[in-house]
file data.cif (mmCIF, C-alpha atoms and all ligand atoms)
data_run
#
loop_
_atom_site.label_atom_id
_atom_site.label_comp_id
_atom_site.auth_asym_id
_atom_site.auth_seq_id
_atom_site.Cartn_x
_atom_site.Cartn_y
_atom_site.Cartn_z
CA MET A 17 85.69 -6.16 57.39
CA ASN A 18 82.10 -5.84 56.29
CA GLN A 19 80.78 -6.83 59.71
CA LEU A 20 82.03 -3.46 60.94
CA PHE A 21 79.75 -1.48 58.69
CA SER A 22 76.07 -0.65 58.91
CA ASP A 23 73.60 -2.31 56.51
CA ARG A 24 72.76 1.19 55.40
CA ILE A 25 76.25 1.92 54.07
CA LEU A 26 76.82 -1.60 52.76
CA ASN A 27 73.65 -1.30 50.69
CA SER A 28 74.61 2.10 49.24
CA LYS A 29 76.57 2.39 46.01
CA LYS A 30 79.44 4.75 45.32
CA SER A 31 78.46 7.75 43.21
CA PHE A 32 78.86 6.50 39.64
CA ILE A 33 79.45 10.05 38.45
CA ARG A 34 82.25 10.68 40.93
CA GLU A 35 83.87 7.47 39.67
CA ILE A 36 83.49 8.64 36.07
CA LEU A 37 84.86 12.05 36.94
CA LYS A 38 88.06 10.31 38.03
CA VAL A 39 88.46 8.93 34.48
CA THR A 40 87.76 12.35 33.03
CA SER A 41 90.28 14.17 35.20
CA ASN A 42 92.76 13.36 32.38
CA LYS A 43 93.31 16.72 30.66
CA ASP A 44 93.11 15.27 27.09
CA ILE A 45 89.56 14.08 27.63
CA ILE A 46 86.68 16.33 26.61
CA SER A 47 84.17 15.78 29.36
CA PHE A 48 80.43 16.29 29.08
CA ALA A 49 80.10 14.05 32.13
CA GLY A 50 80.17 16.32 35.17
CA GLY A 51 77.38 18.64 36.25
CA LEU A 52 79.75 21.55 36.66
CA PRO A 53 78.72 25.16 36.19
CA ASN A 54 81.07 27.12 33.91
CA PRO A 55 83.78 28.64 36.16
CA ILE A 56 83.72 31.80 34.05
CA SER A 57 80.25 32.35 35.53
CA PHE A 58 81.63 32.63 39.08
CA PRO A 59 81.76 36.27 40.25
CA THR A 60 85.30 35.83 41.60
CA SER A 61 86.34 39.43 42.13
CA ALA A 62 82.96 40.46 43.57
CA LEU A 63 83.19 37.53 46.00
CA ARG A 64 86.70 38.57 46.99
CA ASP A 65 85.39 42.10 47.67
CA ALA A 66 82.51 40.65 49.69
CA MET A 67 84.96 38.60 51.78
CA THR A 68 87.05 41.69 52.53
CA THR A 69 84.00 43.78 53.40
CA VAL A 70 82.55 41.13 55.70
CA THR A 71 85.86 40.60 57.50
CA ASP A 72 86.68 44.31 57.80
CA LYS A 73 83.19 45.22 59.02
CA ASN A 74 82.66 42.42 61.53
CA GLY A 75 86.02 41.29 62.82
CA SER A 76 86.14 38.09 64.83
CA HIS A 77 82.34 37.81 65.19
CA ILE A 78 81.99 36.16 61.76
CA PHE A 79 84.30 33.32 62.82
CA GLN A 80 82.06 32.36 65.77
CA TYR A 81 79.44 29.57 66.00
CA ALA A 82 76.04 30.71 64.76
CA THR A 83 72.37 29.69 64.71
CA THR A 84 71.20 26.44 63.11
CA GLU A 85 68.53 28.16 61.01
CA GLY A 86 71.09 30.35 59.24
CA TYR A 87 71.96 34.05 58.95
CA LEU A 88 68.67 35.94 59.30
CA PRO A 89 69.24 38.64 56.63
CA LEU A 90 70.15 35.89 54.12
CA ARG A 91 66.95 34.00 54.98
CA GLU A 92 64.99 37.25 54.60
CA TYR A 93 66.61 37.84 51.21
CA ILE A 94 65.65 34.34 49.99
CA ALA A 95 62.09 34.66 51.31
CA LYS A 96 61.67 38.02 49.58
CA ARG A 97 62.86 36.54 46.28
CA TYR A 98 60.14 33.86 46.49
CA GLN A 99 57.59 36.62 47.16
CA ILE A 100 58.74 38.76 44.22
CA LYS A 101 59.50 36.05 41.64
CA HIS A 102 56.78 33.52 42.46
CA GLY A 103 54.18 35.47 44.42
CA LEU A 104 54.57 32.96 47.27
CA SER A 105 53.85 33.97 50.81
CA ILE A 106 57.18 32.92 52.31
CA ASN A 107 58.85 34.47 55.36
CA ALA A 108 62.33 34.17 56.83
CA GLU A 109 61.16 31.57 59.38
CA ASP A 110 60.22 29.31 56.44
CA ILE A 111 63.86 29.15 55.29
CA LEU A 112 66.56 26.88 56.71
CA ILE A 113 70.04 27.47 55.29
CA THR A 114 71.77 24.19 54.37
CA SER A 115 75.17 23.09 53.10
CA GLY A 116 73.95 22.96 49.50
CA SER A 117 70.58 21.54 48.55
CA GLN A 118 72.28 18.15 48.72
CA GLN A 119 72.23 18.44 52.52
CA GLY A 120 68.55 19.32 52.24
CA LEU A 121 67.99 15.90 50.67
CA ASP A 122 69.83 14.15 53.49
CA LEU A 123 67.84 16.04 56.14
CA ILE A 124 64.58 15.14 54.38
CA GLY A 125 65.61 11.48 54.48
CA LYS A 126 66.42 11.75 58.20
CA VAL A 127 63.16 13.47 59.07
CA PHE A 128 60.67 11.47 57.01
CA LEU A 129 61.98 8.02 56.13
CA ASN A 130 61.80 4.78 58.01
CA LYS A 131 63.35 1.68 56.50
CA SER A 132 61.13 0.25 53.70
CA ASP A 133 58.93 3.33 53.34
CA SER A 134 57.78 3.82 49.75
CA ILE A 135 58.84 6.94 47.91
CA LEU A 136 58.21 8.17 44.36
CA ILE A 137 60.83 9.72 42.12
CA GLU A 138 61.15 10.50 38.42
CA LYS A 139 62.42 7.97 35.89
CA PRO A 140 65.17 8.80 35.14
CA GLY A 141 65.84 10.60 38.44
CA TYR A 142 68.56 12.77 39.99
CA LEU A 143 71.38 10.46 41.02
CA GLY A 144 72.34 12.58 44.05
CA ALA A 145 68.80 12.25 45.45
CA ILE A 146 68.83 8.50 44.87
CA GLN A 147 72.14 8.29 46.71
CA ALA A 148 71.18 10.60 49.61
CA LEU A 149 67.81 8.94 50.21
CA SER A 150 69.19 5.39 49.74
CA LEU A 151 70.95 5.72 53.08
CA TYR A 152 67.51 5.67 54.75
CA GLU A 153 66.68 2.39 52.94
CA PRO A 154 63.31 3.25 51.39
CA HIS A 155 61.62 1.40 48.52
CA PHE A 156 62.04 3.58 45.47
CA HIS A 157 59.27 3.68 42.86
CA GLN A 158 59.97 5.49 39.61
CA VAL A 159 57.42 7.14 37.32
CA ASP A 160 58.32 7.94 33.72
CA LEU A 161 59.32 11.47 32.95
CA LEU A 162 57.84 12.48 29.57
CA GLU A 163 58.41 15.59 27.42
CA ASP A 164 55.85 17.60 29.43
CA GLY A 165 56.39 16.16 32.92
CA VAL A 166 55.56 13.04 34.89
CA ASP A 167 53.39 10.30 33.32
CA LEU A 168 50.09 11.10 35.04
CA ASP A 169 48.51 7.65 34.61
CA GLN A 170 51.50 5.95 36.20
CA PHE A 171 51.55 8.56 38.96
CA LYS A 172 47.87 8.00 39.76
CA THR A 173 48.29 4.22 39.77
CA ARG A 174 51.29 4.42 42.10
CA LEU A 175 49.47 6.71 44.54
CA ALA A 176 46.54 4.32 44.58
CA GLN A 177 48.72 1.21 45.08
CA ASP A 178 50.73 2.25 48.08
CA THR A 179 51.16 5.05 50.62
CA MET A 180 53.98 7.15 49.24
CA LYS A 181 55.90 9.01 51.93
CA LEU A 182 57.52 11.42 49.47
CA PHE A 183 57.32 12.50 45.87
CA TYR A 184 60.70 13.93 44.85
CA SER A 185 60.64 16.06 41.69
CA VAL A 186 62.88 18.45 39.77
CA PRO A 187 60.21 20.36 37.82
CA ASN A 188 62.53 22.78 35.98
CA PHE A 189 65.26 21.61 33.55
CA GLN A 190 65.56 18.33 35.32
CA ASN A 191 68.82 16.59 36.06
CA PRO A 192 69.50 14.35 34.09
CA THR A 193 67.10 15.05 31.19
CA GLY A 194 66.82 18.85 30.94
CA LEU A 195 63.01 18.40 30.73
CA THR A 196 60.50 20.80 32.32
CA TYR A 197 57.00 19.98 33.59
CA SER A 198 54.25 21.89 31.74
CA ARG A 199 51.75 24.02 33.65
CA ALA A 200 49.01 21.43 32.99
CA ASN A 201 51.22 18.63 34.31
CA ARG A 202 52.03 20.59 37.48
CA GLN A 203 48.38 21.33 38.02
CA ALA A 204 47.33 17.70 37.54
CA LEU A 205 50.06 16.45 39.90
CA GLY A 206 49.14 19.07 42.49
CA LEU A 207 45.49 18.07 42.36
CA MET A 208 46.29 14.37 42.68
CA LEU A 209 48.46 15.07 45.71
CA THR A 210 45.81 17.20 47.38
CA HIS A 211 44.49 15.51 50.52
CA THR A 212 47.24 12.86 50.41
CA GLN A 213 49.83 12.63 53.17
CA THR A 214 52.60 12.40 50.58
CA VAL A 215 55.23 15.09 51.09
CA LEU A 216 55.88 16.96 47.85
CA ILE A 217 59.56 17.85 47.39
CA GLU A 218 60.38 20.27 44.56
CA ASP A 219 64.13 20.53 44.10
CA ASP A 220 64.86 23.60 42.00
CA PRO A 221 68.57 24.39 41.61
CA TYR A 222 68.18 25.29 37.91
CA GLY A 223 64.88 27.27 37.91
CA GLU A 224 66.61 30.65 37.53
CA LEU A 225 68.48 29.44 34.43
CA ARG A 226 65.60 29.63 31.95
CA PHE A 227 66.66 30.75 28.50
CA PHE A 228 63.41 30.00 26.58
CA GLY A 229 59.75 30.27 27.54
CA GLU A 230 58.10 31.56 30.68
CA ASP A 231 58.49 30.74 34.37
CA LEU A 232 55.84 28.36 35.68
CA PRO A 233 54.27 28.04 39.13
CA TYR A 234 55.55 25.32 41.45
CA ILE A 235 53.44 22.15 41.79
CA GLN A 236 52.79 23.14 45.41
CA SER A 237 50.76 26.12 44.16
CA PHE A 238 48.13 23.62 42.97
CA SER A 239 48.04 21.47 46.09
CA ASN A 240 47.56 21.54 49.81
CA CYS A 241 49.64 18.45 50.58
CA PRO A 242 52.67 18.94 52.87
CA SER A 243 55.37 20.49 50.68
CA ILE A 244 59.01 21.52 50.58
CA LEU A 245 61.09 23.54 48.12
CA LEU A 246 64.85 23.10 47.86
CA GLY A 247 67.00 25.92 46.51
CA SER A 248 70.66 26.69 46.03
CA PHE A 249 73.21 29.37 45.14
CA SER A 250 75.37 26.68 43.48
CA LYS A 251 74.26 27.36 39.92
CA ILE A 252 73.75 31.12 40.15
CA VAL A 253 76.68 32.27 42.32
CA THR A 254 79.10 29.48 43.33
CA PRO A 255 78.81 25.77 44.21
CA GLY A 256 82.06 25.68 46.22
CA MET A 257 80.74 27.76 49.12
CA ARG A 258 77.98 25.15 49.58
CA ILE A 259 75.06 27.44 50.39
CA GLY A 260 71.56 26.14 49.72
CA TRP A 261 68.26 26.15 51.58
CA ILE A 262 65.07 24.31 52.46
CA CYS A 263 61.83 26.25 52.28
CA THR A 264 58.64 25.06 53.92
CA THR A 265 55.67 26.93 55.33
CA HIS A 266 54.75 24.00 57.58
CA PRO A 267 56.10 24.86 61.06
CA GLN A 268 56.05 21.26 62.28
CA ILE A 269 58.15 20.12 59.33
CA MET A 270 60.55 23.02 59.84
CA GLU A 271 60.91 22.18 63.53
CA LYS A 272 61.94 18.60 62.73
CA LEU A 273 64.34 19.71 59.99
CA ILE A 274 66.06 22.07 62.42
CA ILE A 275 66.52 19.24 64.93
CA ALA A 276 68.02 17.05 62.18
CA LYS A 277 70.29 19.87 61.03
CA GLN A 278 71.48 20.55 64.58
CA ALA A 279 72.37 16.89 64.96
CA SER A 280 74.16 16.84 61.59
CA ASP A 281 76.42 19.87 61.66
CA LEU A 282 75.09 22.52 64.11
CA HIS A 283 74.90 25.05 61.28
CA THR A 284 76.09 25.77 57.74
CA ASN A 285 79.43 27.56 57.31
CA TYR A 286 78.65 30.99 58.77
CA PHE A 287 81.47 32.85 57.00
CA ALA A 288 80.24 31.56 53.63
CA GLN A 289 76.68 32.65 54.46
CA ARG A 290 77.90 36.14 55.34
CA VAL A 291 80.03 36.42 52.20
CA ILE A 292 77.19 35.30 49.93
CA TYR A 293 74.83 37.77 51.60
CA GLN A 294 77.34 40.61 51.25
CA TYR A 295 77.77 39.69 47.59
CA LEU A 296 73.98 39.73 47.08
CA ILE A 297 73.47 43.17 48.60
CA ASP A 298 76.48 44.77 46.89
CA ASN A 299 75.83 43.41 43.39
CA ASN A 300 73.06 43.04 40.86
CA LEU A 301 72.14 39.34 40.94
CA GLU A 302 69.63 39.67 38.07
CA GLU A 303 72.33 41.04 35.79
CA HIS A 304 74.70 38.27 36.82
CA ILE A 305 72.08 35.59 36.16
CA SER A 306 71.32 37.04 32.72
CA HIS A 307 75.04 36.68 31.80
CA ILE A 308 74.95 33.04 32.87
CA LYS A 309 71.75 32.39 30.92
CA LYS A 310 73.21 33.98 27.77
CA LEU A 311 76.33 31.85 28.09
CA TYR A 312 74.43 28.59 28.71
CA LYS A 313 71.92 29.27 25.93
CA GLU A 314 74.78 29.63 23.43
CA GLN A 315 76.44 26.47 24.73
CA CYS A 316 73.18 24.51 24.64
CA GLU A 317 72.39 25.64 21.10
CA ALA A 318 75.93 24.81 19.99
CA MET A 319 75.63 21.29 21.40
CA VAL A 320 72.22 20.67 19.83
CA SER A 321 73.43 21.90 16.45
CA SER A 322 76.62 19.77 16.60
CA ILE A 323 74.46 16.77 17.53
CA HIS A 324 72.34 17.34 14.42
CA LYS A 325 75.55 17.60 12.37
CA TYR A 326 77.38 14.50 13.66
CA PHE A 327 74.88 12.00 15.13
CA PRO A 328 72.85 9.56 13.02
CA GLU A 329 69.26 10.73 12.49
CA ASN A 330 67.53 8.07 14.59
CA ILE A 331 69.03 9.41 17.82
CA LYS A 332 66.68 11.43 20.02
CA VAL A 333 67.79 14.39 22.08
CA THR A 334 65.81 16.62 24.47
CA GLN A 335 65.44 20.36 23.76
CA PRO A 336 65.94 22.04 27.16
CA GLU A 337 64.44 25.46 27.90
CA GLY A 338 67.15 26.08 30.50
CA GLY A 339 69.51 24.40 32.94
CA MET A 340 72.66 22.45 32.20
CA PHE A 341 71.84 19.07 30.60
CA LEU A 342 70.72 17.28 27.44
CA TRP A 343 69.41 13.72 27.43
CA VAL A 344 70.15 11.43 24.51
CA THR A 345 68.22 8.28 23.62
CA LEU A 346 69.98 5.86 21.29
CA PRO A 347 68.10 3.17 19.34
CA LYS A 348 67.09 0.38 21.76
CA TYR A 349 69.69 -2.13 20.56
CA LEU A 350 72.63 0.15 21.42
CA SER A 351 74.27 0.24 24.84
CA SER A 352 75.47 3.55 26.28
CA LEU A 353 77.93 1.69 28.53
CA LYS A 354 79.59 0.20 25.44
CA LEU A 355 79.49 3.63 23.86
CA PHE A 356 81.26 5.01 26.93
CA GLU A 357 84.19 2.63 26.32
CA LEU A 358 84.46 3.56 22.63
CA ALA A 359 84.07 7.25 23.43
CA SER A 360 86.83 7.05 26.08
CA GLU A 361 89.20 5.72 23.40
CA LEU A 362 88.33 8.80 21.33
CA LYS A 363 88.84 10.94 24.44
CA VAL A 364 85.31 12.15 25.07
CA ALA A 365 83.16 11.36 28.12
CA PHE A 366 79.50 11.52 29.17
CA VAL A 367 77.37 9.83 31.82
CA PRO A 368 75.64 6.60 30.70
CA GLY A 369 71.97 6.61 31.78
CA GLU A 370 72.20 3.57 34.06
CA PRO A 371 72.73 5.27 37.48
CA PHE A 372 69.62 7.40 37.04
CA TYR A 373 67.38 4.33 37.15
CA ILE A 374 66.33 1.87 39.82
CA GLY A 375 65.11 -1.60 38.95
CA GLU A 376 64.51 -1.98 35.24
CA ILE A 377 67.29 -0.11 33.45
CA PRO A 378 67.11 0.99 29.82
CA GLN A 379 70.60 0.48 28.28
CA ASN A 380 70.34 3.14 25.61
CA THR A 381 70.31 6.54 27.32
CA LEU A 382 72.96 9.06 28.30
CA ARG A 383 73.38 12.52 29.81
CA LEU A 384 75.42 15.34 28.30
CA ASN A 385 76.43 18.50 30.17
CA TYR A 386 77.00 21.56 27.99
CA THR A 387 77.91 24.24 30.52
CA ASN A 388 81.52 23.40 31.25
CA SER A 389 83.03 23.46 27.72
CA ASP A 390 83.47 26.30 25.25
CA ILE A 391 81.74 26.20 21.87
CA GLN A 392 84.77 24.91 19.89
CA THR A 393 85.30 22.15 22.44
CA ILE A 394 81.62 21.25 22.32
CA ASP A 395 81.81 20.83 18.53
CA LYS A 396 85.02 18.79 18.74
CA GLY A 397 83.66 16.56 21.52
CA ILE A 398 80.31 15.95 19.83
CA ARG A 399 82.15 15.10 16.56
CA ARG A 400 84.16 12.48 18.47
CA LEU A 401 81.02 11.16 20.15
CA GLY A 402 79.30 10.95 16.75
CA GLU A 403 82.27 8.89 15.51
CA ALA A 404 81.98 6.61 18.53
CA ILE A 405 78.25 6.12 17.87
CA HIS A 406 78.90 5.20 14.21
CA LYS A 407 81.57 2.72 15.40
CA LEU A 408 79.17 1.25 17.96
CA ILE A 409 76.46 0.78 15.32
CA LYS A 410 78.99 -1.04 13.12
CA ASN A 411 80.17 -3.23 16.01
CA THR A 412 76.68 -4.12 17.23
CA VAL A 413 75.33 -7.08 15.35
CA THR A 414 71.55 -7.20 15.13
CA TYR A 415 69.59 -10.21 13.96
C1 LIG B 501 68.61 18.26 41.01
C2 LIG B 501 69.75 18.61 41.89
N1 LIG B 501 69.54 18.77 43.21
C3 LIG B 501 70.54 19.09 44.05
C4 LIG B 501 71.82 19.26 43.60
C5 LIG B 501 72.90 19.59 44.60
O1 LIG B 501 73.15 20.95 44.56
P1 LIG B 501 73.94 21.73 45.70
O2 LIG B 501 75.21 22.16 45.09
O3 LIG B 501 73.04 22.88 46.05
O4 LIG B 501 74.12 20.81 46.85
C6 LIG B 501 72.10 19.11 42.25
C7 LIG B 501 73.49 19.27 41.77
O5 LIG B 501 73.87 19.06 40.68
C8 LIG B 501 71.04 18.78 41.37
O6 LIG B 501 71.24 18.61 40.06
#

call {"tool": "encode", "arguments": {"input": "data.cif", "output": "structure tokens"}}
result
Amino acid sequence: MNQLFSDRILNSKKSFIREILKVTSNKDIISFAGGLPNPISFPTSALRDAMTTVTDKNGSHIFQYATTEGYLPLREYIAKRYQIKHGLSINAEDILITSGSQQGLDLIGKVFLNKSDSILIEKPGYLGAIQALSLYEPHFHQVDLLEDGVDLDQFKTRLAQDTMKLFYSVPNFQNPTGLTYSRANRQALGLMLTHTQTVLIEDDPYGELRFFGEDLPYIQSFSNCPSILLGSFSKIVTPGMRIGWICTTHPQIMEKLIIAKQASDLHTNYFAQRVIYQYLIDNNLEEHISHIKKLYKEQCEAMVSSIHKYFPENIKVTQPEGGMFLWVTLPKYLSSLKLFELASELKVAFVPGEPFYIGEIPQNTLRLNYTNSDIQTIDKGIRRLGEAIHKLIKNTVTY
């Protein structure tokens, strides 16, 4: 049947994580595999109130088609938040509401990529971006992500070797590693991108979830290359309503994105936009975010401390300042795919590092999510994973 399908879809892989999530849907398994926010962080009753208010106040109007750009007061709210929190000069016309930031990635692919264009992403990089952009058949180039951001030498070499259409980055509490670019790294990247025609994409769904350290300026603040920010309510209000946005102050880019969005889905779910906006104006978002940060900080610290208790000493783990993930590096001779099998027998799951790489794939890395399990479960799961690692070391013969 393959002759029926486009090359584009035939060349695209299934989401590895979605496949793994199927395995972990078994209730007995402790899963650190998904990237799920903690459901206790969803403001369920406030959202129910917002739904009632919106419906009672507006009647049938909210069930009508709406504009592609999105609900204007919501776009104004988002623009204002960029002004207040980041000192950026952003206006409502610079915001396009999308169905999650994931749709933003797809629209970016549609607008910028021709087959075989070169693009730069982090190594390891966000799997969802790899998947979304793969459908436009670019050549991916990965640059190492280090403790303080992207490897600058590699970045410079890549920019000099080839014209890069895009640089896709997650500068805060990156998925999958939990790492954050330092101010110096952002500045250096921004300067290198200045006067290039590479489009800088900063995808920032976790930026508001900082539990240590200070907020840092976006890379775009140090550059005058064409740039785009992606944002989302998924991690600070709810992922299920699928409300995210694209922000760009370049009118020509925005015009093309709007055309692509029109062609894709006309507009993002209008009712959901109205409910989220009603929630935002009737509630204190800052207070809500501080509850989430407190919760995630405790969960992150619990996972790190259990790792120190149960894992052998030669295993490296990142120390996130926020977000939802930890990244573990095993000694080189150990395979995280083999560990996955042993861990499944002990009823604990994680994501092996493989799908976050393109080309040369290190075998010894893995991602752990700490936000969707309580502290007792985290300890129990990490104890099981520690057992699986000890078993793997025993089973792996080295010469
Ligand atoms: C880096 C990154 N970008 C985008 C997304 C997609 O988020 P959304 O729910 O806004 O589509 C995720 C989700 O986990 C993510 O980790």

call {"tool": "atom_distance", "arguments": {"input": "data.cif", "atom1": "CA of Phe183 in chain A", "atom2": "CA of Thr214 in chain A"}}
result
6.7 Å

call {"tool": "atom_distance", "arguments": {"input": "data.cif", "atom1": "CA of Gln190 in chain A", "atom2": "CA of Glu163 in chain A"}}
result
11.0 Å

call {"tool": "residues_around", "arguments": {"input": "data.cif", "residues": "Ser280 in chain A", "least_positions_apart": "6", "cutoff": "12 Å", "atoms": "only C-alpha atoms", "output": "PyMOL selection string"}}
result
chain A and resi 84+114-115+119-120+122-123+126-127+273-274

call {"tool": "residues_near_ligand", "arguments": {"input": "data.cif", "ligand": "ligand LIG 501 (chain B)", "cutoff": "6 Å", "atoms": "all atoms listed in the file", "output": "MDAnalysis selection string"}}
result
chainID A and resid 51 116:118 142 186 191 219 221 248 250 255 260

call {"tool": "atom_distance", "arguments": {"input": "data.cif", "atom1": "CA of Glu153 in chain A", "atom2": "CA of Thr265 in chain A"}}
result
27.0 Å

call {"tool": "closest_residue", "arguments": {"input": "data.cif", "among": "A:Lys407, A:Arg174, A:Pro53, A:Ser306", "to": "Glu357 in chain A", "atoms": "all atoms listed in the file"}}
result
A:Lys407

call {"tool": "residues_around", "arguments": {"input": "data.cif", "residues": "Cys241 in chain A", "least_positions_apart": "5", "cutoff": "8 Å", "atoms": "only C-alpha atoms", "output": "list in words"}}
result
Leu209, Thr210, His211, Thr212, Gln213, Thr214, Val215, Leu216 and Gln236 of chain A

call {"tool": "write_last_selection", "arguments": {"input": "data.cif", "atoms": "C-alpha atoms", "output": "PDB file, keeping the file's coordinate frame"}}
result
ATOM      1  CA  LEU A 209      48.460  15.070  45.710  1.00  0.00           C
ATOM      2  CA  THR A 210      45.810  17.200  47.380  1.00  0.00           C
ATOM      3  CA  HIS A 211      44.490  15.510  50.520  1.00  0.00           C
ATOM      4  CA  THR A 212      47.240  12.860  50.410  1.00  0.00           C
ATOM      5  CA  GLN A 213      49.830  12.630  53.170  1.00  0.00           C
ATOM      6  CA  THR A 214      52.600  12.400  50.580  1.00  0.00           C
ATOM      7  CA  VAL A 215      55.230  15.090  51.090  1.00  0.00           C
ATOM      8  CA  LEU A 216      55.880  16.960  47.850  1.00  0.00           C
ATOM      9  CA  GLN A 236      52.790  23.140  45.410  1.00  0.00           C
TER      10      GLN A 236
END

call {"tool": "residues_around", "arguments": {"input": "data.cif", "residues": "Arg91 in chain A", "least_positions_apart": "2", "cutoff": "10 Å", "atoms": "only C-alpha atoms", "output": "list in words"}}
result
Glu85, Gly86, Tyr87, Leu88, Pro89, Tyr93, Ile94, Ala95, Lys96, Arg97, Asn107, Ala108, Glu109, Asp110, Ile111, Leu112, Ile113, Trp261, Cys263, Gln289 and Tyr293 of chain A

call {"tool": "closest_residue", "arguments": {"input": "data.cif", "among": "A:Leu90, A:Asn54, A:Ile308, A:Leu182", "to": "Asn385 in chain A", "atoms": "only C-alpha atoms"}}
result
A:Asn54

call {"tool": "closest_residue", "arguments": {"input": "data.cif", "among": "A:Leu136, A:Met180, A:Val367, A:Leu63", "to": "Val159 in chain A", "atoms": "only C-alpha atoms"}}
result
A:Leu136

call {"tool": "residues_around", "arguments": {"input": "data.cif", "residues": "Leu232 in chain A", "least_positions_apart": "4", "cutoff": "9 Å", "atoms": "all atoms listed in the file", "output": "PDB file with C-alpha atoms, keeping the file's coordinate frame"}}
result
ATOM      1  CA  HIS A 102      56.780  33.520  42.460  1.00  0.00           C
ATOM      2  CA  ASN A 188      62.530  22.780  35.980  1.00  0.00           C
ATOM      3  CA  TYR A 197      57.000  19.980  33.590  1.00  0.00           C
ATOM      4  CA  SER A 198      54.250  21.890  31.740  1.00  0.00           C
ATOM      5  CA  ARG A 199      51.750  24.020  33.650  1.00  0.00           C
ATOM      6  CA  ARG A 202      52.030  20.590  37.480  1.00  0.00           C
TER       7      ARG A 202
END

call {"tool": "residues_around", "arguments": {"input": "data.cif", "residues": "range 309-322 of chain A", "least_positions_apart": "4", "cutoff": "9 Å", "atoms": "only C-alpha atoms", "output": "PyMOL selection string"}}
result
chain A and resi 54+57+224-228+304-305+326-327+333-342+385-392+394-396+398-399

call {"tool": "closest_residue", "arguments": {"input": "data.cif", "among": "A:Arg24, A:Lys325, A:His77, A:Lys251", "to": "Ile56 in chain A", "atoms": "all atoms listed in the file"}}
result
A:Lys251
